[in-house]
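Here's work_3.cif, which has mmCIF, C-alpha atoms (C1' of nucleotides):
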data_coords
loop_
_atom_site.group_PDB
_atom_site.id
_atom_site.type_symbol
_atom_site.label_atom_id
_atom_site.label_comp_id
_atom_site.auth_asym_id
_atom_site.auth_seq_id
_atom_site.Cartn_x
_atom_site.Cartn_y
_atom_site.Cartn_z
ATOM 1 C CA MET M 206 122.997 91.419 111.616
ATOM 2 C CA GLN M 207 123.003 92.382 115.251
ATOM 3 C CA ALA M 208 126.732 92.913 115.394
ATOM 4 C CA LEU M 209 128.188 93.533 118.798
ATOM 5 C CA LYS M 210 129.681 96.951 119.455
ATOM 6 C CA TYR M 211 132.133 97.752 122.152
ATOM 7 C CA SER M 212 130.883 99.547 125.215
ATOM 8 C CA ARG M 213 132.868 100.842 128.107
ATOM 9 C CA GLN M 214 130.014 99.953 130.436
ATOM 10 C CA ARG M 215 129.890 96.336 129.351
ATOM 11 C CA GLU M 216 133.640 96.059 129.606
ATOM 12 C CA SER M 217 133.679 97.419 133.130
ATOM 13 C CA ILE M 218 130.862 95.127 134.248
ATOM 14 C CA LYS M 219 132.805 92.156 132.966
ATOM 15 C CA ASN M 220 136.010 93.330 134.636
ATOM 16 C CA PHE M 221 134.272 94.083 137.865
ATOM 17 C CA LEU M 222 132.852 90.582 138.037
ATOM 18 C CA ALA M 223 136.170 89.033 137.083
ATOM 19 C CA GLY M 224 137.748 90.697 140.099
ATOM 20 C CA ARG M 225 135.296 89.318 142.612
ATOM 21 C CA LYS M 226 135.191 85.948 144.218
ATOM 22 C CA ASP M 227 131.821 86.485 145.822
ATOM 23 C CA HIS M 228 128.806 86.606 143.550
ATOM 24 C CA PRO M 229 127.376 90.100 143.308
ATOM 25 C CA THR M 230 123.774 90.922 142.519
ATOM 26 C CA ALA M 231 122.880 93.338 139.719
ATOM 27 C CA ASP M 232 122.345 96.006 142.308
ATOM 28 C CA ILE M 233 125.789 95.556 143.817
ATOM 29 C CA VAL M 234 127.373 95.740 140.369
ATOM 30 C CA TYR M 235 125.401 98.916 139.742
ATOM 31 C CA THR M 236 126.291 100.542 143.060
ATOM 32 C CA GLU M 237 129.975 99.739 142.724
ATOM 33 C CA LEU M 238 130.317 100.785 139.094
ATOM 34 C CA ARG M 239 128.562 104.000 139.920
ATOM 35 C CA LYS M 240 131.674 105.038 141.833
ATOM 36 C CA THR M 241 133.617 105.014 138.578
ATOM 37 C CA TYR M 242 130.816 105.779 136.121
ATOM 38 C CA PRO M 243 128.390 108.003 137.989
ATOM 39 C CA ASN M 244 125.941 108.000 135.094
ATOM 40 C CA ILE M 245 125.652 104.289 134.495
ATOM 41 C CA SER M 246 122.090 103.117 134.876
ATOM 42 C CA LEU M 247 120.566 100.009 136.405
ATOM 43 C CA GLY M 248 118.931 99.188 133.087
ATOM 44 C CA THR M 249 122.304 99.123 131.387
ATOM 45 C CA VAL M 250 123.663 96.851 134.079
ATOM 46 C CA TYR M 251 120.786 94.415 133.699
ATOM 47 C CA ARG M 252 120.966 94.520 129.913
ATOM 48 C CA ASN M 253 124.667 93.770 129.912
ATOM 49 C CA LEU M 254 124.473 91.075 132.543
ATOM 50 C CA ALA M 255 121.863 89.336 130.416
ATOM 51 C CA LEU M 256 123.929 89.781 127.267
ATOM 52 C CA LEU M 257 127.140 88.545 128.885
ATOM 53 C CA THR M 258 125.237 85.562 130.236
ATOM 54 C CA ASP M 259 123.943 84.758 126.751
ATOM 55 C CA LEU M 260 127.430 85.082 125.333
ATOM 56 C CA GLY M 261 128.645 82.652 127.981
ATOM 57 C CA ASP M 262 131.087 85.182 129.397
ATOM 58 C CA ILE M 263 129.502 85.072 132.805
ATOM 59 C CA GLN M 264 127.079 82.848 134.648
ATOM 60 C CA LYS M 265 123.810 83.690 136.362
ATOM 61 C CA ILE M 266 123.222 82.101 139.756
ATOM 62 C CA THR M 267 119.725 81.660 141.128
ATOM 63 C CA ALA M 268 120.172 80.931 144.788
ATOM 64 C CA GLY M 269 116.476 80.905 145.608
ATOM 65 C CA ASP M 270 116.273 84.051 147.695
ATOM 66 C CA GLY M 271 114.685 86.237 145.072
ATOM 67 C CA VAL M 272 117.818 87.926 143.757
ATOM 68 C CA ASP M 273 119.957 86.652 140.953
ATOM 69 C CA ARG M 274 123.695 86.747 141.288
ATOM 70 C CA TYR M 275 126.459 86.752 138.704
ATOM 71 C CA ASP M 276 129.705 84.875 138.455
ATOM 72 C CA ALA M 277 132.593 85.503 136.069
ATOM 73 C CA ASN M 278 133.801 81.973 136.665
ATOM 74 C CA THR M 279 132.124 79.960 133.919
ATOM 75 C CA THR M 280 133.995 76.732 134.511
ATOM 76 C CA PRO M 281 131.673 74.090 135.974
ATOM 77 C CA HIS M 282 131.513 74.366 139.733
ATOM 78 C CA ASN M 283 128.915 74.245 142.455
ATOM 79 C CA HIS M 284 127.692 76.830 144.924
ATOM 80 C CA PHE M 285 126.998 76.961 148.599
ATOM 81 C CA ILE M 286 124.508 79.392 150.103
ATOM 82 C CA CYS M 287 124.708 80.233 153.809
ATOM 83 C CA ARG M 288 121.292 80.352 155.419
ATOM 84 C CA ARG M 289 122.590 82.712 158.094
ATOM 85 C CA CYS M 290 124.485 85.411 156.187
ATOM 86 C CA LYS M 291 123.248 84.589 152.663
ATOM 87 C CA ALA M 292 126.793 84.490 151.288
ATOM 88 C CA VAL M 293 127.211 82.512 148.090
ATOM 89 C CA LEU M 294 130.488 80.618 147.967
ATOM 90 C CA ASP M 295 132.216 78.500 145.350
ATOM 91 C CA LEU M 296 132.642 74.930 146.470
ATOM 92 C CA ASP M 297 135.946 73.218 145.909
ATOM 93 C CA MET M 298 134.738 69.685 145.317
ATOM 94 C CA GLU M 299 135.222 66.590 143.248
ATOM 95 C CA ASP M 300 133.430 66.579 139.907
ATOM 96 C CA ILE M 301 129.875 65.228 140.085
ATOM 97 C CA SER M 302 128.826 65.827 136.513
ATOM 98 C CA TYR M 303 127.968 62.151 136.204
ATOM 99 C CA ILE M 304 124.703 62.903 137.982
ATOM 100 C CA LYS M 305 123.562 64.071 134.547
ATOM 101 C CA ASP M 306 123.948 60.526 133.281
ATOM 102 C CA ILE M 307 122.181 59.110 136.309
ATOM 103 C CA ALA M 308 119.294 61.482 135.699
ATOM 104 C CA SER M 309 119.166 60.485 132.036
ATOM 105 C CA GLU M 310 118.879 56.751 132.675
ATOM 106 C CA LYS M 311 115.117 56.572 133.236
ATOM 107 C CA PHE M 312 114.236 59.839 131.553
ATOM 108 C CA ASP M 313 112.800 59.957 128.083
ATOM 109 C CA GLY M 314 113.660 63.596 127.376
ATOM 110 C CA VAL M 315 117.035 65.248 126.892
ATOM 111 C CA ILE M 316 119.053 66.445 129.858
ATOM 112 C CA GLU M 317 121.372 69.213 128.763
ATOM 113 C CA SER M 318 122.575 70.720 131.995
ATOM 114 C CA TYR M 319 122.021 70.890 135.707
ATOM 115 C CA SER M 320 122.624 73.143 138.630
ATOM 116 C CA VAL M 321 123.291 72.172 142.219
ATOM 117 C CA ASN M 322 123.109 74.449 145.224
ATOM 118 C CA PHE M 323 124.173 73.359 148.658
ATOM 119 C CA TYR M 324 122.755 75.051 151.738
ATOM 120 C CA GLY M 325 123.905 75.308 155.329
ATOM 121 C CA ILE M 326 126.218 77.349 157.513
ATOM 122 C CA CYS M 327 129.346 78.921 156.050
ATOM 123 C CA PRO M 328 132.731 78.652 157.799
ATOM 124 C CA SER M 329 132.593 82.225 159.017
ATOM 125 C CA CYS M 330 129.108 81.916 160.532
ATOM 126 C CA LYS M 331 130.064 78.582 162.024
ATOM 127 C CA ARG M 332 132.835 80.359 163.926
ATOM 128 C CA ASP M 333 130.463 83.089 165.060
ATOM 129 C CA LEU M 334 127.993 80.539 166.357
ATOM 130 C CA THR M 335 130.647 78.633 168.260
ATOM 131 C CA ASN M 336 131.821 81.769 170.076
ATOM 132 C CA GLU M 337 128.383 82.934 171.101
ATOM 133 C CA MET P 259 102.591 81.210 171.881
ATOM 134 C CA GLN P 260 101.886 81.268 168.146
ATOM 135 C CA ALA P 261 99.579 78.243 168.181
ATOM 136 C CA LEU P 262 98.355 77.057 164.829
ATOM 137 C CA LYS P 263 94.664 77.406 164.136
ATOM 138 C CA TYR P 264 92.747 75.520 161.525
ATOM 139 C CA SER P 265 91.801 77.344 158.378
ATOM 140 C CA ARG P 266 89.689 76.104 155.535
ATOM 141 C CA GLN P 267 91.895 78.050 153.113
ATOM 142 C CA ARG P 268 95.119 76.453 154.288
ATOM 143 C CA GLU P 269 93.538 73.025 154.200
ATOM 144 C CA SER P 270 92.344 73.482 150.649
ATOM 145 C CA ILE P 271 95.714 74.780 149.471
ATOM 146 C CA LYS P 272 97.355 71.704 150.923
ATOM 147 C CA ASN P 273 94.804 69.397 149.357
ATOM 148 C CA PHE P 274 94.984 71.111 146.028
ATOM 149 C CA LEU P 275 98.744 70.659 145.898
ATOM 150 C CA ALA P 276 98.487 67.055 147.043
ATOM 151 C CA GLY P 277 96.282 66.337 144.049
ATOM 152 C CA ARG P 278 98.698 67.691 141.467
ATOM 153 C CA LYS P 279 101.722 66.079 139.967
ATOM 154 C CA ASP P 280 102.893 69.196 138.203
ATOM 155 C CA HIS P 281 104.236 72.010 140.339
ATOM 156 C CA PRO P 282 101.852 74.952 140.410
ATOM 157 C CA THR P 283 102.861 78.544 141.028
ATOM 158 C CA ALA P 284 101.180 80.616 143.725
ATOM 159 C CA ASP P 285 99.106 82.265 141.050
ATOM 160 C CA ILE P 286 97.841 78.959 139.687
ATOM 161 C CA VAL P 287 96.902 77.836 143.191
ATOM 162 C CA TYR P 288 95.068 81.113 143.655
ATOM 163 C CA THR P 289 93.226 80.970 140.331
ATOM 164 C CA GLU P 290 92.133 77.366 140.836
ATOM 165 C CA LEU P 291 91.051 77.745 144.464
ATOM 166 C CA ARG P 292 89.088 80.798 143.490
ATOM 167 C CA LYS P 293 86.673 78.487 141.671
ATOM 168 C CA THR P 294 85.744 76.935 145.011
ATOM 169 C CA TYR P 295 86.432 79.869 147.331
ATOM 170 C CA PRO P 296 85.661 82.983 145.294
ATOM 171 C CA ASN P 297 86.840 85.259 148.093
ATOM 172 C CA ILE P 298 90.216 83.750 148.797
ATOM 173 C CA SER P 299 92.971 86.280 148.290
ATOM 174 C CA LEU P 300 96.432 86.031 146.785
ATOM 175 C CA GLY P 301 97.936 87.232 150.051
ATOM 176 C CA THR P 302 96.353 84.332 151.873
ATOM 177 C CA VAL P 303 97.690 81.918 149.309
ATOM 178 C CA TYR P 304 101.220 83.275 149.626
ATOM 179 C CA ARG P 305 101.026 83.347 153.418
ATOM 180 C CA ASN P 306 99.894 79.751 153.586
ATOM 181 C CA LEU P 307 102.346 78.485 151.025
ATOM 182 C CA ALA P 308 105.136 80.046 153.091
ATOM 183 C CA LEU P 309 103.714 78.610 156.305
ATOM 184 C CA LEU P 310 103.264 75.119 154.860
ATOM 185 C CA THR P 311 106.806 75.275 153.511
ATOM 186 C CA ASP P 312 108.108 76.188 156.964
ATOM 187 C CA LEU P 313 106.125 73.361 158.513
ATOM 188 C CA GLY P 314 107.671 71.004 155.988
ATOM 189 C CA ASP P 315 104.276 70.016 154.604
ATOM 190 C CA ILE P 316 105.171 71.183 151.133
ATOM 191 C CA GLN P 317 108.296 72.155 149.267
ATOM 192 C CA LYS P 318 109.144 75.316 147.401
ATOM 193 C CA ILE P 319 110.856 74.911 144.045
ATOM 194 C CA THR P 320 112.931 77.710 142.583
ATOM 195 C CA ALA P 321 113.403 76.802 138.953
ATOM 196 C CA GLY P 322 115.207 79.982 138.023
ATOM 197 C CA ASP P 323 112.588 81.582 135.813
ATOM 198 C CA GLY P 324 111.404 84.147 138.318
ATOM 199 C CA VAL P 325 108.386 82.269 139.656
ATOM 200 C CA ASP P 326 108.444 79.899 142.567
ATOM 201 C CA ARG P 327 106.558 76.641 142.374
ATOM 202 C CA TYR P 328 105.207 74.371 145.060
ATOM 203 C CA ASP P 329 105.271 70.636 145.512
ATOM 204 C CA ALA P 330 103.299 68.529 147.994
ATOM 205 C CA ASN P 331 105.805 65.734 147.559
ATOM 206 C CA THR P 332 108.340 66.340 150.312
ATOM 207 C CA THR P 333 110.237 63.106 149.919
ATOM 208 C CA PRO P 334 113.704 63.783 148.478
ATOM 209 C CA HIS P 335 113.592 63.897 144.717
ATOM 210 C CA ASN P 336 115.013 65.996 141.923
ATOM 211 C CA HIS P 337 113.373 68.186 139.313
ATOM 212 C CA PHE P 338 113.674 68.688 135.612
ATOM 213 C CA ILE P 339 112.789 71.957 133.933
ATOM 214 C CA CYS P 340 112.021 72.022 130.213
ATOM 215 C CA ARG P 341 113.597 74.990 128.495
ATOM 216 C CA ARG P 342 110.987 74.844 125.753
ATOM 217 C CA CYS P 343 107.655 74.559 127.599
ATOM 218 C CA LYS P 344 108.896 75.425 131.096
ATOM 219 C CA ALA P 345 107.242 72.351 132.590
ATOM 220 C CA VAL P 346 108.692 71.196 135.894
ATOM 221 C CA LEU P 347 108.777 67.413 136.203
ATOM 222 C CA ASP P 348 109.744 65.022 138.965
ATOM 223 C CA LEU P 349 112.686 62.871 137.999
ATOM 224 C CA ASP P 350 112.601 59.193 138.746
ATOM 225 C CA MET P 351 116.250 58.578 139.456
ATOM 226 C CA GLU P 352 118.683 56.759 141.658
ATOM 227 C CA ASP P 353 119.476 58.475 144.948
ATOM 228 C CA ILE P 354 122.362 60.928 144.728
ATOM 229 C CA SER P 355 122.256 62.303 148.255
ATOM 230 C CA TYR P 356 125.875 61.283 148.698
ATOM 231 C CA ILE P 357 126.832 64.433 146.796
ATOM 232 C CA LYS P 358 126.279 66.142 150.150
ATOM 233 C CA ASP P 359 129.152 64.164 151.586
ATOM 234 C CA ILE P 360 131.331 64.900 148.584
ATOM 235 C CA ALA P 361 130.636 68.600 149.003
ATOM 236 C CA SER P 362 131.454 68.404 152.714
ATOM 237 C CA GLU P 363 134.887 66.828 152.232
ATOM 238 C CA LYS P 364 136.862 70.018 151.605
ATOM 239 C CA PHE P 365 134.369 72.430 153.111
ATOM 240 C CA ASP P 366 134.854 73.873 156.536
ATOM 241 C CA GLY P 367 131.234 74.917 157.094
ATOM 242 C CA VAL P 368 128.145 72.763 157.580
ATOM 243 C CA ILE P 369 126.220 71.447 154.605
ATOM 244 C CA GLU P 370 122.655 70.781 155.617
ATOM 245 C CA SER P 371 120.854 70.286 152.343
ATOM 246 C CA TYR P 372 121.062 70.698 148.619
ATOM 247 C CA SER P 373 118.870 71.131 145.614
ATOM 248 C CA VAL P 374 119.499 69.911 142.082
ATOM 249 C CA ASN P 375 117.674 71.038 138.988
ATOM 250 C CA PHE P 376 118.203 69.435 135.630
ATOM 251 C CA TYR P 377 117.477 71.353 132.443
ATOM 252 C CA GLY P 378 116.778 70.295 128.878
ATOM 253 C CA ILE P 379 113.927 69.136 126.679
ATOM 254 C CA CYS P 380 111.027 67.211 128.178
ATOM 255 C CA PRO P 381 109.687 64.025 126.550
ATOM 256 C CA SER P 382 106.634 65.799 125.175
ATOM 257 C CA CYS P 383 108.611 68.639 123.564
ATOM 258 C CA LYS P 384 111.112 66.124 122.237
ATOM 259 C CA ARG P 385 108.278 64.436 120.363
ATOM 260 C CA ASP P 386 107.033 67.763 119.024
ATOM 261 C CA LEU P 387 110.488 68.659 117.763
ATOM 262 C CA THR P 388 110.933 65.309 116.046
ATOM 263 C CA ASN P 389 107.682 65.673 114.117
ATOM 264 C CA GLU P 390 108.326 69.190 112.929
ATOM 265 C "C1'" DG Z 160 125.399 107.559 108.173
ATOM 266 C "C1'" DT Z 161 123.734 103.508 110.126
ATOM 267 C "C1'" DT Z 162 123.424 100.446 113.968
ATOM 268 C "C1'" DT Z 163 124.089 99.509 118.651
ATOM 269 C "C1'" DT Z 164 124.175 101.064 123.270
ATOM 270 C "C1'" DT Z 165 123.012 104.174 126.858
ATOM 271 C "C1'" DG Z 166 120.427 106.837 130.549
ATOM 272 C "C1'" DC Z 167 116.229 107.777 132.304
ATOM 273 C "C1'" DA Z 168 111.847 106.865 133.706
ATOM 274 C "C1'" DA Z 169 107.947 104.258 133.508
ATOM 275 C "C1'" DA Z 170 105.997 99.729 133.464
ATOM 276 C "C1'" DG Z 171 105.860 94.926 134.520
ATOM 277 C "C1'" DT Z 172 106.131 90.710 137.643
ATOM 278 C "C1'" DA Z 173 106.222 88.321 141.752
ATOM 279 C "C1'" DT Z 174 105.737 88.601 146.485
ATOM 280 C "C1'" DT Z 175 105.012 90.805 151.037
ATOM 281 C "C1'" DT Z 176 102.646 93.519 154.379
ATOM 282 C "C1'" DG Z 177 99.413 96.680 157.354
ATOM 283 C "C1'" DC Z 178 95.085 96.672 159.094
ATOM 284 C "C1'" DA Z 179 90.310 96.026 160.402
ATOM 285 C "C1'" DA Z 180 87.038 92.340 160.194
ATOM 286 C "C1'" DA Z 181 86.156 87.384 160.525
ATOM 287 C "C1'" DT Z 182 87.070 82.958 162.372
ATOM 288 C "C1'" DG Z 183 88.908 79.286 165.526
ATOM 289 C "C1'" DG Z 184 89.646 77.365 170.003
ATOM 290 C "C1'" DC G 228 87.170 86.584 174.730
ATOM 291 C "C1'" DC G 229 91.857 86.268 172.959
ATOM 292 C "C1'" DA G 230 94.867 84.682 169.271
ATOM 293 C "C1'" DT G 231 95.210 83.593 164.653
ATOM 294 C "C1'" DT G 232 93.796 84.053 159.975
ATOM 295 C "C1'" DT G 233 91.595 86.421 156.280
ATOM 296 C "C1'" DG G 234 90.534 89.773 152.391
ATOM 297 C "C1'" DC G 235 91.750 93.812 150.523
ATOM 298 C "C1'" DA G 236 94.725 97.149 148.923
ATOM 299 C "C1'" DA G 237 98.841 99.316 149.076
ATOM 300 C "C1'" DA G 238 103.683 98.688 149.233
ATOM 301 C "C1'" DT G 239 107.960 96.480 148.085
ATOM 302 C "C1'" DA G 240 111.583 94.116 145.484
ATOM 303 C "C1'" DC G 241 113.577 92.858 141.382
ATOM 304 C "C1'" DT G 242 113.811 93.135 136.527
ATOM 305 C "C1'" DT G 243 112.407 94.665 131.909
ATOM 306 C "C1'" DT G 244 111.323 98.018 128.473
ATOM 307 C "C1'" DG G 245 110.260 102.338 125.351
ATOM 308 C "C1'" DC G 246 112.434 106.056 123.608
ATOM 309 C "C1'" DA G 247 115.378 109.884 122.305
ATOM 310 C "C1'" DA G 248 120.238 110.998 122.674
ATOM 311 C "C1'" DA G 249 125.055 109.359 122.580
ATOM 312 C "C1'" DA G 250 128.644 106.334 121.128
ATOM 313 C "C1'" DA G 251 130.724 102.859 118.046
ATOM 314 C "C1'" DC G 252 132.084 101.483 113.605
#
For this file, write the structure as structure tokens.
Amino acid sequence: MQALKYSRQRESIKNFLAGRKDHPTADIVYTELRKTYPNISLGTVYRNLALLTDLGDIQKITAGDGVDRYDANTTPHNHFICRRCKAVLDLDMEDISYIKDIASEKFDGVIESYSVNFYGICPSCKRDLTNE
Amino acid sequence: MQALKYSRQRESIKNFLAGRKDHPTADIVYTELRKTYPNISLGTVYRNLALLTDLGDIQKITAGDGVDRYDANTTPHNHFICRRCKAVLDLDMEDISYIKDIASEKFDGVIESYSVNFYGICPSCKRDLTNE
DNA sequence: GTTTTTGCAAAGTATTTGCAAATGG
DNA sequence: CCATTTGCAAATACTTTGCAAAAAC
């Protein structure tokens, strides 16, 4: 049971995320979709973001600033969070998934996954700071 | 200006954290300190945890489950979060701080720090699951 | 027709904040 | 005394949830 039924709202949330390279919060998704679907509700957005995350269609990012963000890119990659403008960027970097094995070496439990966030100053803010 | 004045509450929060190897939430700190200081308030606990974090005396851990945790151990180390019992454990593992350099290679901004969380099943839950 | 999803509003968490009183230096 | 910190309560921010109506199949 619990078959999945199509919903225009869910579809548009997924498409909206797929078209963004930044990592919108639930509230941004809601505000933007509202332009096309004036009646969509925040609850629906949250429900679908959670469902899509469970399905593995999207990824939830916890950057540590109190708001969760969502990413349609579910291939393994790491994030950078700018401490000045709070932007969350994808990092183009060499694979470091072997850190999972390093962590497992002296650990008696099971390590299934990991998440890395890098923090600092993004390229754009770096420019701003240089020209100040 | 903004000189730091001693406070019994701040001192006890710091000491309480120093005596724990798990990673208590603000609410746990509050509930436990209340046994010694029945009048301490949650606001005071939050204010001091934020202040101590800024001072670098403690570390804030965002595990991704909506509650922040605090750690008196400020030496670089990584955390493991059990998806079954939600325990947050320190990982005894080889240094991986070079991932900062790897991340910097193709990145035009400044990477100042990073945080890694590993997820899976802790040793204790692993035992429980085996004996089920 | 039955089940899932929605919109709306209310409720639930976690955390922050304004302010007068208390405390520290 | 003056500046900082506290306790308290109210406010805020983010997310979840109950329920009747709407949509999907």
Compute the set of chain G residues within 10 Å of chain M, using all atoms listed in the file, and express it as a CSV table (one decimal) with C-alpha atoms (C1' of nucleotides), in the coordinates of the input.
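Written file, iface.csv:
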chain,number,residue,atom,x,y,z
G,240,DA,C1',111.6,94.1,145.5
G,241,DC,C1',113.6,92.9,141.4
G,242,DT,C1',113.8,93.1,136.5
G,243,DT,C1',112.4,94.7,131.9
G,244,DT,C1',111.3,98.0,128.5
G,250,DA,C1',128.6,106.3,121.1
G,251,DA,C1',130.7,102.9,118.0
G,252,DC,C1',132.1,101.5,113.6
(request) Could you please determine the separation between CA of Leu256 (chain M) and CA of Gly314 (chain M) in Å, to one decimal place? (result)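 One can read the CA of Leu256 (chain M) to CA of Gly314 (chain M) distance as 28.1 Å.
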(request) Give me, as an NGL selection string, the contact residues of chain M against chain P at a cut-off of 10 Å, counting all atoms listed in the file. (result) :M and (265-273 or 283-288 or 296-301 or 304-305 or 307-332)
(message) Residues of chain Z within 12 Å of chain P, counting only C-alpha atoms (C1' of nucleotides) - could you list those as a list in words?
(response)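 The selection requested is DT172, DA173, DT174, DT175, DT176, DA181, DT182, DG183 and DG184 of chain Z.
For the atom pair formed by C1' of DA230 (chain G) and CA of Phe274 (chain P), the distance is 26.9 Å, given to one decimal.
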Draw an axis-aligned box tight on the listed atoms of region 241-244 of chain G, then pad every side by 8 Å and write out centre and edge lengths in Å to one decimal as AutoDock Vina command-line options.
--center_x 112.6 --center_y 95.4 --center_z 134.9 --size_x 18.5 --size_y 21.2 --size_z 28.9
As a check of understanding, name the residues that the PyMOL selection byres ((chain G and resi 245) around 10) selects in the supplied structure, as a short mmCIF file (atom, residue, chain, number, x, y, z; two decimals) with C-alpha atoms (C1' of nucleotides), in the frame of the given file.
data_model
loop_
_atom_site.label_atom_id
_atom_site.label_comp_id
_atom_site.auth_asym_id
_atom_site.auth_seq_id
_atom_site.Cartn_x
_atom_site.Cartn_y
_atom_site.Cartn_z
"C1'" DA Z 168 111.85 106.86 133.71
"C1'" DA Z 169 107.95 104.26 133.51
"C1'" DA Z 170 106.00 99.73 133.46
"C1'" DT G 244 111.32 98.02 128.47
"C1'" DC G 246 112.43 106.06 123.61
"C1'" DA G 247 115.38 109.88 122.30
#
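For the residues P:Asn297, P:Asp312, P:Thr332, P:Glu390, ranking by smallest atom-to-atom distance to DC235 (chain G) using all atoms listed in the file places P:Asn297 first.
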(message) Between CA of Tyr288 (chain P) and CA of His335 (chain P), what is the distance in Å, rounded to a tenth?
(response) 25.3 Å
(message) Which residues are close to region 177-179 of chain Z, i.e. within 12 Å by only C-alpha atoms (C1' of nucleotides), leaving aside same-chain residues fewer than 6 positions away? Reply as a PyMOL selection string.
(response) chain G and resi 233-238
Please complete region 330-336 of chain P so it has all heavy atoms, and hand it over as a PDB file, keeping the file's coordinate frame.
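Saved the output as selection_32.pdb:
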ATOM      1  N   ALA P 330     103.761  69.189 146.776  1.00  0.00           N
ATOM      2  CA  ALA P 330     103.299  68.529 147.994  1.00  0.00           C
ATOM      3  C   ALA P 330     104.149  67.303 148.316  1.00  0.00           C
ATOM      4  O   ALA P 330     104.095  66.770 149.414  1.00  0.00           O
ATOM      5  CB  ALA P 330     101.833  68.124 147.853  1.00  0.00           C
ATOM      6  N   ASN P 331     104.941  66.885 147.346  1.00  0.00           N
ATOM      7  CA  ASN P 331     105.805  65.734 147.559  1.00  0.00           C
ATOM      8  C   ASN P 331     107.092  66.185 148.257  1.00  0.00           C
ATOM      9  O   ASN P 331     107.960  66.786 147.650  1.00  0.00           O
ATOM     10  CB  ASN P 331     106.122  65.096 146.207  1.00  0.00           C
ATOM     11  CG  ASN P 331     107.074  63.913 146.328  1.00  0.00           C
ATOM     12  OD1 ASN P 331     107.497  63.541 147.423  1.00  0.00           O
ATOM     13  ND2 ASN P 331     107.414  63.327 145.199  1.00  0.00           N
ATOM     14  N   THR P 332     107.180  65.867 149.553  1.00  0.00           N
ATOM     15  CA  THR P 332     108.340  66.340 150.312  1.00  0.00           C
ATOM     16  C   THR P 332     109.412  65.269 150.481  1.00  0.00           C
ATOM     17  O   THR P 332     110.422  65.510 151.123  1.00  0.00           O
ATOM     18  CB  THR P 332     107.927  66.840 151.708  1.00  0.00           C
ATOM     19  OG1 THR P 332     107.245  65.783 152.387  1.00  0.00           O
ATOM     20  CG2 THR P 332     107.015  68.046 151.598  1.00  0.00           C
ATOM     21  N   THR P 333     109.172  64.106 149.885  1.00  0.00           N
ATOM     22  CA  THR P 333     110.237  63.106 149.919  1.00  0.00           C
ATOM     23  C   THR P 333     111.340  63.577 148.969  1.00  0.00           C
ATOM     24  O   THR P 333     111.055  64.232 147.976  1.00  0.00           O
ATOM     25  CB  THR P 333     109.720  61.721 149.471  1.00  0.00           C
ATOM     26  OG1 THR P 333     109.258  61.820 148.119  1.00  0.00           O
ATOM     27  CG2 THR P 333     108.567  61.271 150.346  1.00  0.00           C
ATOM     28  N   PRO P 334     112.606  63.259 149.297  1.00  0.00           N
ATOM     29  CA  PRO P 334     113.704  63.783 148.478  1.00  0.00           C
ATOM     30  C   PRO P 334     113.594  63.303 147.029  1.00  0.00           C
ATOM     31  O   PRO P 334     113.474  62.106 146.777  1.00  0.00           O
ATOM     32  CB  PRO P 334     114.957  63.173 149.137  1.00  0.00           C
ATOM     33  CG  PRO P 334     114.515  62.707 150.485  1.00  0.00           C
ATOM     34  CD  PRO P 334     113.073  62.364 150.369  1.00  0.00           C
ATOM     35  N   HIS P 335     113.589  64.235 146.137  1.00  0.00           N
ATOM     36  CA  HIS P 335     113.592  63.897 144.717  1.00  0.00           C
ATOM     37  C   HIS P 335     114.068  65.118 143.946  1.00  0.00           C
ATOM     38  O   HIS P 335     114.081  66.218 144.466  1.00  0.00           O
ATOM     39  CB  HIS P 335     112.192  63.460 144.266  1.00  0.00           C
ATOM     40  CG  HIS P 335     111.159  64.524 144.354  1.00  0.00           C
ATOM     41  ND1 HIS P 335     110.597  64.944 145.539  1.00  0.00           N
ATOM     42  CD2 HIS P 335     110.603  65.309 143.400  1.00  0.00           C
ATOM     43  CE1 HIS P 335     109.730  65.903 145.306  1.00  0.00           C
ATOM     44  NE2 HIS P 335     109.718  66.162 144.014  1.00  0.00           N
ATOM     45  N   ASN P 336     114.439  64.902 142.707  1.00  0.00           N
ATOM     46  CA  ASN P 336     115.013  65.996 141.923  1.00  0.00           C
ATOM     47  C   ASN P 336     114.068  66.434 140.807  1.00  0.00           C
ATOM     48  O   ASN P 336     113.197  65.673 140.392  1.00  0.00           O
ATOM     49  CB  ASN P 336     116.356  65.556 141.347  1.00  0.00           C
ATOM     50  CG  ASN P 336     117.278  65.052 142.435  1.00  0.00           C
ATOM     51  OD1 ASN P 336     117.556  65.754 143.394  1.00  0.00           O
ATOM     52  ND2 ASN P 336     117.726  63.800 142.308  1.00  0.00           N
TER      53      ASN P 336
END
